[in-house]
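What's in structure-v4.tsv: TSV, C-alpha atoms and all ligand atoms
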```
chain	number	residue	atom	x	y	z
A	198	MET	CA	-6.99	-29.84	1.63
A	199	THR	CA	-4.94	-26.70	1.01
A	200	ILE	CA	-6.93	-23.64	1.96
A	201	ARG	CA	-6.51	-19.98	1.11
A	202	VAL	CA	-8.02	-17.41	3.43
A	203	LEU	CA	-8.41	-13.69	2.86
A	204	GLY	CA	-8.04	-11.80	6.16
A	205	ILE	CA	-9.07	-8.27	7.11
A	206	GLU	CA	-7.88	-6.29	10.16
A	207	THR	CA	-9.36	-2.90	11.13
A	208	SER	CA	-9.59	-3.02	14.93
A	209	CYS	CA	-7.31	-0.06	15.64
A	210	ASP	CA	-5.22	2.23	13.42
A	211	GLU	CA	-3.96	-0.20	10.79
A	212	THR	CA	-6.03	-0.97	7.70
A	213	ALA	CA	-4.79	-4.39	6.62
A	214	ALA	CA	-5.60	-7.28	4.31
A	215	SER	CA	-3.72	-10.48	3.62
A	216	VAL	CA	-4.00	-13.86	1.92
A	217	VAL	CA	-2.60	-16.86	3.76
A	218	LEU	CA	-2.34	-20.44	2.60
A	219	ARG	CA	-2.59	-23.38	4.97
A	220	GLU	CA	-1.53	-26.84	3.91
A	221	ASP	CA	-2.88	-30.10	5.23
A	222	ASN	CA	0.19	-30.69	7.36
A	223	GLY	CA	-0.47	-27.40	9.17
A	224	GLN	CA	2.21	-25.42	7.35
A	225	GLY	CA	1.37	-21.85	6.53
A	226	THR	CA	2.55	-19.42	3.86
A	227	ILE	CA	1.82	-15.73	3.60
A	228	LEU	CA	0.85	-15.02	-0.02
A	229	SER	CA	0.35	-11.31	0.59
A	230	ASN	CA	0.37	-8.95	3.55
A	231	VAL	CA	-0.70	-5.34	2.99
A	232	VAL	CA	-0.72	-2.95	5.94
A	233	LEU	CA	-1.62	0.73	5.73
A	234	SER	CA	-0.73	2.57	8.91
A	235	GLN	CA	-2.81	5.59	9.88
A	236	ILE	CA	-0.05	6.95	12.15
A	237	ALA	CA	0.15	10.22	10.20
A	238	ASP	CA	-3.64	10.76	10.57
A	239	HIS	CA	-3.45	10.53	14.36
A	240	ALA	CA	-0.02	12.00	15.14
A	241	ALA	CA	-1.28	15.56	15.61
A	242	PHE	CA	-3.67	14.30	18.33
A	243	GLY	CA	-1.03	12.32	20.23
A	244	GLY	CA	-3.08	9.12	20.06
A	245	VAL	CA	-5.61	7.16	18.01
A	246	VAL	CA	-8.88	9.05	17.47
A	247	PRO	CA	-11.62	6.41	16.97
A	248	GLU	CA	-13.79	8.49	14.63
A	249	ILE	CA	-10.84	9.39	12.40
A	250	ALA	CA	-9.72	5.75	12.40
A	251	ALA	CA	-13.14	4.46	11.30
A	252	ARG	CA	-13.37	6.98	8.47
A	253	ALA	CA	-9.85	6.18	7.30
A	254	HIS	CA	-10.70	2.44	7.23
A	255	VAL	CA	-13.75	3.17	5.05
A	256	GLU	CA	-11.63	5.15	2.62
A	257	ALA	CA	-8.78	2.66	2.36
A	258	LEU	CA	-10.15	-0.84	2.86
A	259	ASP	CA	-11.43	-1.62	-0.66
A	260	ASP	CA	-8.07	-0.76	-2.21
A	261	ILE	CA	-6.14	-2.64	0.48
A	262	VAL	CA	-8.21	-5.80	-0.11
A	263	ALA	CA	-7.72	-5.47	-3.87
A	264	ALA	CA	-3.96	-5.02	-3.33
A	265	ALA	CA	-3.78	-8.12	-1.12
A	266	LEU	CA	-5.54	-10.25	-3.74
A	267	GLU	CA	-3.38	-8.85	-6.53
A	268	GLU	CA	-0.14	-9.41	-4.61
A	269	ALA	CA	-1.22	-13.02	-4.04
A	270	ASN	CA	-2.05	-13.33	-7.73
A	271	LEU	CA	-5.58	-14.47	-6.90
A	272	THR	CA	-9.15	-13.34	-7.35
A	273	LEU	CA	-11.97	-13.63	-4.85
A	274	THR	CA	-13.17	-16.84	-6.48
A	275	ASP	CA	-9.84	-18.57	-5.64
A	276	ILE	CA	-10.30	-17.86	-1.93
A	277	ASP	CA	-11.79	-20.52	0.37
A	278	ALA	CA	-13.00	-18.20	3.15
A	279	VAL	CA	-12.99	-14.59	4.30
A	280	ALA	CA	-11.79	-13.83	7.84
A	281	ALA	CA	-12.11	-10.51	9.65
A	282	THR	CA	-11.35	-9.19	13.09
A	283	ALA	CA	-14.67	-9.05	14.94
A	284	GLY	CA	-13.20	-7.77	18.24
A	285	PRO	CA	-11.85	-6.63	20.58
A	286	GLY	CA	-11.08	-3.13	19.34
A	287	LEU	CA	-12.55	0.23	18.36
A	288	VAL	CA	-16.10	-0.48	17.30
A	289	GLY	CA	-16.16	1.86	14.29
A	290	GLY	CA	-13.23	0.08	12.69
A	291	LEU	CA	-14.59	-3.35	13.57
A	292	ILE	CA	-17.88	-2.51	11.84
A	293	VAL	CA	-16.07	-1.41	8.67
A	294	GLY	CA	-13.92	-4.56	8.50
A	295	LEU	CA	-16.54	-7.12	9.47
A	296	MET	CA	-19.23	-5.68	7.20
A	297	THR	CA	-16.80	-5.57	4.28
A	298	ALA	CA	-15.89	-9.20	4.94
A	299	LYS	CA	-19.57	-10.15	5.08
A	300	ALA	CA	-20.21	-8.45	1.75
A	301	LEU	CA	-17.22	-10.19	0.12
A	302	ALA	CA	-18.19	-13.57	1.58
A	303	ALA	CA	-21.79	-13.17	0.43
A	304	ALA	CA	-20.79	-12.02	-3.06
A	305	ALA	CA	-18.32	-14.89	-3.54
A	306	ASN	CA	-20.45	-17.43	-1.69
A	307	LYS	CA	-17.63	-18.34	0.69
A	308	PRO	CA	-17.70	-18.93	4.44
A	309	LEU	CA	-17.17	-15.95	6.75
A	310	LEU	CA	-14.81	-16.37	9.71
A	311	PRO	CA	-15.17	-13.78	12.51
A	312	VAL	CA	-11.79	-13.76	14.29
A	313	ASN	CA	-10.79	-12.62	17.77
A	314	HIS	CA	-7.86	-10.20	17.41
A	315	LEU	CA	-6.08	-11.71	20.43
A	316	GLU	CA	-6.37	-15.20	18.96
A	317	GLY	CA	-4.71	-13.76	15.85
A	318	HIS	CA	-1.73	-12.58	17.90
A	319	ALA	CA	-1.70	-15.86	19.86
A	320	LEU	CA	-1.48	-18.14	16.80
A	321	THR	CA	0.93	-16.08	14.64
A	322	ALA	CA	3.94	-18.08	15.86
A	323	ARG	CA	2.41	-21.23	14.36
A	324	LEU	CA	2.30	-19.53	10.97
A	325	THR	CA	5.82	-18.10	11.16
A	326	ASN	CA	7.66	-20.73	13.23
A	327	GLY	CA	5.44	-23.82	13.21
A	328	VAL	CA	5.26	-23.92	17.01
A	329	ALA	CA	3.37	-26.94	18.37
A	330	PHE	CA	0.80	-26.91	21.20
A	331	PRO	CA	0.99	-26.43	24.13
A	332	TYR	CA	3.05	-23.26	24.52
A	333	LEU	CA	3.20	-20.27	26.80
A	334	LEU	CA	2.24	-16.94	25.25
A	335	LEU	CA	3.29	-13.50	26.45
A	336	LEU	CA	0.98	-11.04	24.72
A	337	VAL	CA	2.16	-7.46	25.05
A	338	SER	CA	0.26	-4.91	22.98
A	339	GLY	CA	-1.28	-1.48	23.34
A	340	GLY	CA	-4.44	-2.84	24.90
A	341	HIS	CA	-3.37	-6.14	26.51
A	342	THR	CA	-0.68	-7.66	28.68
A	343	GLN	CA	-1.32	-11.32	29.33
A	344	LEU	CA	0.36	-14.62	30.05
A	345	VAL	CA	-1.67	-17.30	28.35
A	346	LEU	CA	-1.34	-21.05	28.20
A	347	VAL	CA	-2.16	-21.93	24.59
A	348	LYS	CA	-3.38	-25.54	24.59
A	349	GLY	CA	-4.93	-25.58	21.14
A	350	VAL	CA	-6.96	-23.50	18.72
A	351	GLY	CA	-9.72	-22.04	20.88
A	352	HIS	CA	-8.25	-23.53	24.06
A	353	TYR	CA	-6.67	-20.78	26.12
A	354	GLU	CA	-6.03	-20.47	29.82
A	355	ARG	CA	-5.18	-17.01	31.12
A	356	TRP	CA	-2.48	-17.24	33.79
A	357	GLY	CA	-1.87	-13.55	34.33
A	358	THR	CA	-2.95	-10.13	33.18
A	359	THR	CA	-2.30	-6.48	33.96
A	360	ILE	CA	-4.16	-5.02	36.90
A	361	ASP	CA	-3.89	-1.50	35.43
A	362	ASP	CA	-2.12	-0.30	32.25
A	363	ALA	CA	-1.11	-2.50	29.32
A	364	LEU	CA	2.61	-2.59	28.56
A	365	GLY	CA	2.25	-0.76	25.22
A	366	GLU	CA	0.16	1.84	27.01
A	367	ALA	CA	2.95	2.29	29.58
A	368	PHE	CA	5.42	2.91	26.72
A	369	ASP	CA	3.02	5.35	25.05
A	370	LYS	CA	2.29	7.27	28.27
A	371	THR	CA	5.97	7.47	29.17
A	372	ALA	CA	6.71	8.89	25.73
A	373	LYS	CA	4.00	11.52	26.19
A	374	LEU	CA	5.26	12.44	29.67
A	375	ILE	CA	8.75	13.15	28.42
A	376	GLY	CA	7.70	14.82	25.18
A	377	LEU	CA	8.50	12.10	22.64
A	378	PRO	CA	6.20	12.00	19.59
A	379	PHE	CA	3.44	9.45	18.87
A	380	PRO	CA	3.70	6.47	18.44
A	381	GLY	CA	5.39	6.28	21.83
A	382	GLY	CA	6.73	2.73	22.01
A	383	PRO	CA	9.13	2.81	19.06
A	384	ASN	CA	10.28	6.33	19.97
A	385	VAL	CA	11.13	5.32	23.55
A	386	GLU	CA	13.14	2.41	22.14
A	387	ILE	CA	15.07	4.73	19.82
A	388	ALA	CA	15.70	7.35	22.53
A	389	ALA	CA	16.86	4.64	24.97
A	390	ARG	CA	19.77	3.70	22.69
A	391	ASP	CA	21.72	6.80	23.76
A	392	GLY	CA	20.61	6.73	27.38
A	393	ASP	CA	22.04	5.71	30.74
A	394	GLU	CA	19.80	2.96	32.11
A	395	THR	CA	21.24	3.33	35.63
A	396	ARG	CA	20.48	7.05	36.05
A	397	PHE	CA	16.92	6.59	37.39
A	398	ALA	CA	15.92	3.85	39.82
A	399	PHE	CA	12.40	3.11	38.61
A	400	PRO	CA	10.31	0.46	40.41
A	401	ARG	CA	9.87	-3.17	39.25
A	402	PRO	CA	6.14	-3.54	39.99
A	403	LEU	CA	4.97	-6.83	41.59
A	404	LYS	CA	8.51	-8.20	41.53
A	405	GLY	CA	8.74	-11.30	43.68
A	406	GLU	CA	4.99	-11.78	43.93
A	407	LYS	CA	3.69	-15.28	43.43
A	408	ARG	CA	0.72	-14.53	41.19
A	409	LEU	CA	1.44	-14.03	37.51
A	410	ASP	CA	-0.10	-10.57	37.05
A	411	PHE	CA	1.46	-7.32	35.86
A	412	SER	CA	1.16	-3.70	36.94
A	413	PHE	CA	2.61	-0.69	35.16
A	414	SER	CA	0.83	2.39	36.51
A	415	GLY	CA	3.33	2.87	39.38
A	416	LEU	CA	6.15	2.90	36.88
A	417	LYS	CA	4.39	5.60	34.92
A	418	THR	CA	3.98	7.68	38.10
A	419	ALA	CA	7.69	7.29	38.85
A	420	VAL	CA	8.52	8.50	35.34
A	421	ARG	CA	6.27	11.52	35.81
A	422	GLN	CA	7.95	12.41	39.11
A	423	ALA	CA	11.44	12.05	37.66
A	424	ALA	CA	10.53	14.15	34.63
A	425	THR	CA	8.91	16.88	36.74
A	426	ALA	CA	11.91	17.04	39.06
A	427	ILE	CA	14.39	17.76	36.27
A	428	ALA	CA	12.20	19.72	33.82
A	429	PRO	CA	12.83	21.17	31.29
A	430	LEU	CA	14.19	17.96	29.78
A	431	SER	CA	17.25	17.92	27.56
A	432	PRO	CA	17.56	15.27	24.83
A	433	GLN	CA	20.00	13.44	27.13
A	434	ASP	CA	17.44	13.51	29.98
A	435	ARG	CA	14.86	11.96	27.62
A	436	ALA	CA	17.32	9.30	26.58
A	437	ASP	CA	18.22	8.48	30.19
A	438	ILE	CA	14.58	8.26	31.30
A	439	SER	CA	13.76	6.06	28.28
A	440	ALA	CA	16.71	3.75	28.95
A	441	SER	CA	15.96	3.51	32.70
A	442	PHE	CA	12.26	2.88	31.97
A	443	GLN	CA	13.06	0.18	29.41
A	444	ARG	CA	15.48	-1.47	31.87
A	445	ALA	CA	12.71	-1.55	34.49
A	446	ILE	CA	10.38	-3.17	31.94
A	447	VAL	CA	12.92	-5.82	30.96
A	448	ASP	CA	13.62	-6.66	34.63
A	449	THR	CA	9.91	-6.79	35.44
A	450	LEU	CA	9.14	-9.09	32.51
A	451	ASP	CA	12.05	-11.30	33.56
A	452	ASP	CA	10.62	-11.71	37.05
A	453	ARG	CA	6.98	-12.23	36.02
A	454	VAL	CA	7.61	-14.51	33.03
A	455	SER	CA	10.23	-16.52	34.90
A	456	ARG	CA	7.50	-17.64	37.32
A	457	ALA	CA	5.25	-18.58	34.43
A	458	LEU	CA	7.99	-20.71	32.82
A	459	THR	CA	8.41	-22.56	36.11
A	460	ARG	CA	4.68	-23.15	36.29
A	461	PHE	CA	4.66	-24.37	32.67
A	462	ARG	CA	7.37	-26.91	33.53
A	463	GLU	CA	5.38	-28.11	36.53
A	464	THR	CA	2.22	-28.38	34.40
A	465	PHE	CA	3.95	-30.20	31.53
A	466	PRO	CA	6.91	-32.07	33.05
A	467	ASP	CA	7.25	-34.22	29.91
A	468	ALA	CA	7.33	-31.38	27.36
A	469	ALA	CA	10.39	-32.09	25.22
A	470	GLU	CA	11.02	-28.56	24.05
A	471	PRO	CA	8.79	-26.10	25.90
A	472	ALA	CA	8.37	-22.78	24.10
A	473	LEU	CA	7.70	-19.19	25.10
A	474	VAL	CA	6.04	-17.19	22.34
A	475	VAL	CA	5.91	-13.41	22.45
A	476	ALA	CA	3.31	-11.46	20.46
A	477	GLY	CA	1.79	-7.99	20.15
A	478	GLY	CA	3.23	-4.62	19.22
A	479	VAL	CA	5.71	-4.41	22.12
A	480	ALA	CA	7.26	-7.69	20.92
A	481	ALA	CA	8.95	-5.53	18.26
A	482	ASN	CA	11.14	-4.00	21.00
A	483	GLN	CA	14.70	-5.33	20.77
A	484	ALA	CA	15.49	-4.85	24.47
A	485	VAL	CA	12.35	-6.81	25.41
A	486	ARG	CA	13.32	-9.55	22.95
A	487	GLY	CA	16.87	-9.63	24.32
A	488	GLY	CA	15.65	-9.96	27.90
A	489	LEU	CA	13.27	-12.78	27.01
A	490	THR	CA	15.97	-14.55	24.99
A	491	ASN	CA	18.22	-14.62	28.09
A	492	LEU	CA	15.37	-15.71	30.30
A	493	CYS	CA	14.50	-18.63	28.02
A	494	ALA	CA	18.14	-19.69	27.78
A	495	ARG	CA	18.32	-19.85	31.59
A	496	HIS	CA	15.16	-21.97	31.77
A	497	GLY	CA	15.87	-24.23	28.80
A	498	PHE	CA	12.91	-22.89	26.83
A	499	ARG	CA	12.77	-22.26	23.10
A	500	PHE	CA	12.11	-18.54	22.54
A	501	VAL	CA	9.89	-17.71	19.59
A	502	ALA	CA	9.34	-14.17	18.39
A	503	PRO	CA	7.59	-13.58	15.06
A	504	PRO	CA	9.29	-11.19	12.61
A	505	VAL	CA	8.86	-7.56	13.69
A	506	LYS	CA	6.44	-6.89	10.83
A	507	LEU	CA	4.08	-9.53	12.20
A	508	CYS	CA	4.28	-8.38	15.84
A	509	GLY	CA	2.20	-5.25	15.33
A	510	ASP	CA	-1.30	-5.43	13.94
A	511	ASN	CA	-1.61	-7.07	10.54
A	512	ALA	CA	-4.12	-9.15	8.61
A	513	ALA	CA	-1.94	-12.22	8.03
A	514	MET	CA	-2.52	-13.17	11.67
A	515	ILE	CA	-6.28	-12.81	11.18
A	516	ALA	CA	-6.30	-14.85	7.97
A	517	TRP	CA	-4.17	-17.50	9.69
A	518	ALA	CA	-6.39	-17.74	12.79
A	519	GLY	CA	-9.34	-18.11	10.42
A	520	ALA	CA	-7.52	-20.83	8.48
A	521	GLU	CA	-6.68	-22.73	11.66
A	522	ARG	CA	-10.33	-22.63	12.70
A	523	LEU	CA	-11.59	-23.58	9.26
A	524	ALA	CA	-9.17	-26.53	9.07
A	525	LEU	CA	-10.52	-27.84	12.38
A	526	GLY	CA	-14.13	-27.30	11.39
A	527	LEU	CA	-14.49	-24.71	14.13
A	528	PRO	CA	-16.25	-21.79	12.45
A	529	HIS	CA	-18.80	-19.84	14.45
A	530	GLU	CA	-22.47	-20.69	14.23
A	531	ASP	CA	-24.35	-18.45	11.83
A	532	PRO	CA	-21.35	-16.17	11.16
A	533	MET	CA	-23.29	-13.79	8.90
A	534	ARG	CA	-25.23	-12.68	11.98
A	535	PHE	CA	-22.06	-12.20	14.04
A	536	ALA	CA	-21.95	-8.63	15.42
A	537	PRO	CA	-18.70	-6.78	16.23
A	538	ARG	CA	-17.70	-7.20	19.89
A	539	SER	CA	-15.51	-4.30	20.96
A	540	ARG	CA	-14.81	-5.94	24.35
A	541	TRP	CA	-14.65	-9.56	23.18
B	1	LIG	O1	-0.39	-5.08	18.84
B	1	LIG	P1	-0.39	-3.63	18.52
B	1	LIG	O2	0.13	-3.20	17.17
B	1	LIG	O3	-1.83	-3.03	18.66
B	1	LIG	C1	-2.71	-3.44	19.65
B	1	LIG	O4	-3.44	-4.44	19.40
B	1	LIG	O5	-2.65	-2.81	20.74
B	1	LIG	O6	0.44	-2.88	19.66
B	1	LIG	C2	0.64	-1.49	19.66
B	1	LIG	C3	1.47	-1.11	20.87
B	1	LIG	C4	1.59	0.39	21.09
B	1	LIG	O7	1.36	0.69	22.45
B	1	LIG	C5	3.02	0.69	20.68
B	1	LIG	O8	3.58	1.80	21.33
B	1	LIG	C6	3.73	-0.59	21.09
B	1	LIG	O9	2.81	-1.62	20.73
B	1	LIG	N1	5.00	-0.75	20.39
B	1	LIG	C7	6.21	-0.74	20.99
B	1	LIG	C8	7.18	-0.87	19.96
B	1	LIG	N2	6.51	-0.94	18.76
B	1	LIG	C9	5.18	-0.87	19.05
B	1	LIG	N3	6.55	-0.65	22.28
B	1	LIG	C10	7.87	-0.67	22.57
B	1	LIG	N4	8.86	-0.78	21.65
B	1	LIG	C11	8.57	-0.88	20.33
B	1	LIG	N5	9.53	-0.98	19.41
B	2	ZN	ZN	-2.90	-6.07	18.32
```

Mind turning this structure into structure tokens?
Ligand code: KG4
Ligand code: ZN
Amino acid sequence: MTIRVLGIETSCDETAASVVLREDNGQGTILSNVVLSQIADHAAFGGVVPEIAARAHVEALDDIVAAALEEANLTLTDIDAVAATAGPGLVGGLIVGLMTAKALAAAANKPLLPVNHLEGHALTARLTNGVAFPYLLLLVSGGHTQLVLVKGVGHYERWGTTIDDALGEAFDKTAKLIGLPFPGGPNVEIAARDGDETRFAFPRPLKGEKRLDFSFSGLKTAVRQAATAIAPLSPQDRADISASFQRAIVDTLDDRVSRALTRFRETFPDAAEPALVVAGGVAANQAVRGGLTNLCARHGFRFVAPPVKLCGDNAAMIAWAGAERLALGLPHEDPMRFAPRSRW
């Protein structure tokens, strides 16, 4: 059966809604994908303010849902289920999105699918590139940095995680330290284009260690020391720090993920075309993508990166994760009583 799922995402600072279609053979199509970024609302504060985010979701969500249905040329009655991010994330936003989804599901008499935001990121590559299970996932976002073995929908094995900051957080903090505007990640990438990546010798945390974890707080400290030593910073200083920082990130990912690819091979010696999938906001970074592309070429892995628009937070990934669960008959028990889980 072909199914159409309306998805809602409000876990951080994007208000998003999308309609995704899933065919019997597992193929997916995005019928609409509407994302309203709140960046301008938070820029003056240098970061996402939870209370402002929740209020902005309340103001925008109805129109965003209407726009997603209109763009898909559908009405609520044509939809087979309503999916919404139920966690992890900022609880105010989660409440707005999940409660709206409950109201829509109740009004249209359709099933409600509470979706884990990380599962949304994890399964996006199946929607965009039709990747088959099992695959190795590198999730690099503002709140998470994980290596995950994805065995199937709902079957995840965490192989590594950060012991301190998330990678996106490291980008954002570095930007702040050297006076680049919010949002930090994209601005570091832009500044790095004109920089000398060899000027600062930043550390490659945990390089050579056997376990598959990450650590980025030492890198941040090194950036702070370098910036303090040469303050006030010129635009060229900012560019050089950004480029040297990004180089350290690319090298670190190469070392850590390389070990995970080896472990994947040992775990699945018969895998015909093993794949590494990257997801999360930092996956939009071209230097990170380039580094992972080289790494996969060396290891004989297929490298899969969703289009940049689907790396950051969006609702197509939530609708899709809901559709994958619905197709397998895996909805949650009593979903209308499902409460938001900010630390899910
Ligand atoms: O997945 P995401 O949109 O939200 C979370 O679920 O966290 O990720 C946001 C993170 C932020 O830390 C942002 O700075 C980072 O992804 N990011 C980037 C780039 N674009 C977004 N980091 C480095 N380079 C980029 N181009
Ligand atoms: Zn995310």

Neighbouring residues of ligand ZN 2 (chain B) are defined here as those with any atom at most 8 Å from a ligand atom, counting all atoms listed in the file; list them as a CSV table (one decimal) with C-alpha atoms, in the frame of the given file.
```
chain,number,residue,atom,x,y,z
A,209,CYS,CA,-7.3,-0.1,15.6
A,314,HIS,CA,-7.9,-10.2,17.4
A,315,LEU,CA,-6.1,-11.7,20.4
A,318,HIS,CA,-1.7,-12.6,17.9
A,338,SER,CA,0.3,-4.9,23.0
A,339,GLY,CA,-1.3,-1.5,23.3
A,340,GLY,CA,-4.4,-2.8,24.9
A,477,GLY,CA,1.8,-8.0,20.2
A,478,GLY,CA,3.2,-4.6,19.2
A,508,CYS,CA,4.3,-8.4,15.8
A,509,GLY,CA,2.2,-5.2,15.3
A,510,ASP,CA,-1.3,-5.4,13.9
A,511,ASN,CA,-1.6,-7.1,10.5
```

Open item on the list: Neighbouring residues of segment 417-428 of chain A were defined as those with any atom within 12 Å, considering only C-alpha atoms; residues of the same chain fewer than 3 positions away were excluded. Please report them as a VMD selection string.
Closed with: chain A and resid 361 to 376 396 to 402 412 to 414 431 to 443 445 to 446

Expected axis-aligned box over every listed atom of ligand LIG 1 (chain B), 6 Å added per side, centre plus edges in Å to one decimal, as AutoDock Vina command-line options:
```
--center_x 3.0 --center_y -1.6 --center_z 19.9 --size_x 25.0 --size_y 18.9 --size_z 17.4
```

Task: 7 Å contact set for Arg540 of chain A, only C-alpha atoms, chain neighbours under 6 positions out, as a ChimeraX atom specification - done: /A:284-286

Task: Neighbours of point (-10.2, 3.6, 17.6) within 9 Å, using only C-alpha atoms, written as a PyMOL selection string - done: chain A and resi 208-210+245-251+286-290

TODO: Select, from A:Ser539, A:Thr449, A:Gln343, A:Thr325, the residue with the minimum atom-to-atom distance to Gly225 of chain A, counting all atoms listed in the file.
DONE: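 Closest to Gly225 of chain A of all the choices is A:Thr325.
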
Open item on the list: If we count all atoms listed in the file and set the cut-off at 10 Å, which residues sit around Val216 of chain A, ignoring sequence neighbours fewer than 6 positions away in its own chain? Please answer as a VMD selection string.
Closed with: chain A and resid 201 to 205 226 to 231 262 265 to 271 276 279 to 280 512 to 517

Open item on the list: Residues within 10 Å of Ala480 of chain A, please, as a ChimeraX atom specification. Count all atoms listed in the file; anything in the same chain fewer than 3 positions from it doesn't count.
Closed with: /A:335-338,365,474-477,483-486,489,502-505,507-509

Task: Asn482 of chain A environment, 9 Å, all atoms listed in the file, sequence neighbours closer than 6 positions dropped, as a ChimeraX atom specification - done: /A:382-383,386,505

Open item on the list: Rounded to one decimal, what separation in Å do you get between atom CA of Ala481 of chain A and atom CA of Lys506 of chain A?
Closed with: 8.0 Å

- [ ] Go through A:Leu301, A:Leu310, A:Ala213, A:Leu527 and flag the residue nearest ligand LIG 1 (chain B), using all atoms listed in the file for the distances.
- [x] A:Ala213

Open item on the list: Could you check the closest approach to ligand LIG 1 (chain B) for each of A:Val232, A:Ala536, A:Leu409, A:Val501 and tell me which residue wins, using all atoms listed in the file?
Closed with: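 Going through A:Val232, A:Ala536, A:Leu409, A:Val501 one by one, the smallest distance to ligand LIG 1 (chain B) is for A:Val232.
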
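The shortest atom-to-atom distance to ligand LIG 1 (chain B), with all atoms listed in the file taken into account, belongs to A:Ile236 out of A:Ile236, A:Ala304, A:Leu458, A:Leu344.
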
Open item on the list: Rounded to one decimal, what separation in Å do you get between atom CA of Arg534 of chain A and atom CA of Ala283 of chain A?
Closed with: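 Between atom CA of Arg534 of chain A and atom CA of Ala283 of chain A the gap is 11.6 Å.
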
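The closest residue to ligand LIG 1 (chain B), picked from A:Leu295, A:Ala278, A:Ala524, A:Val479 and counting only C-alpha atoms and all ligand atoms, is A:Val479.
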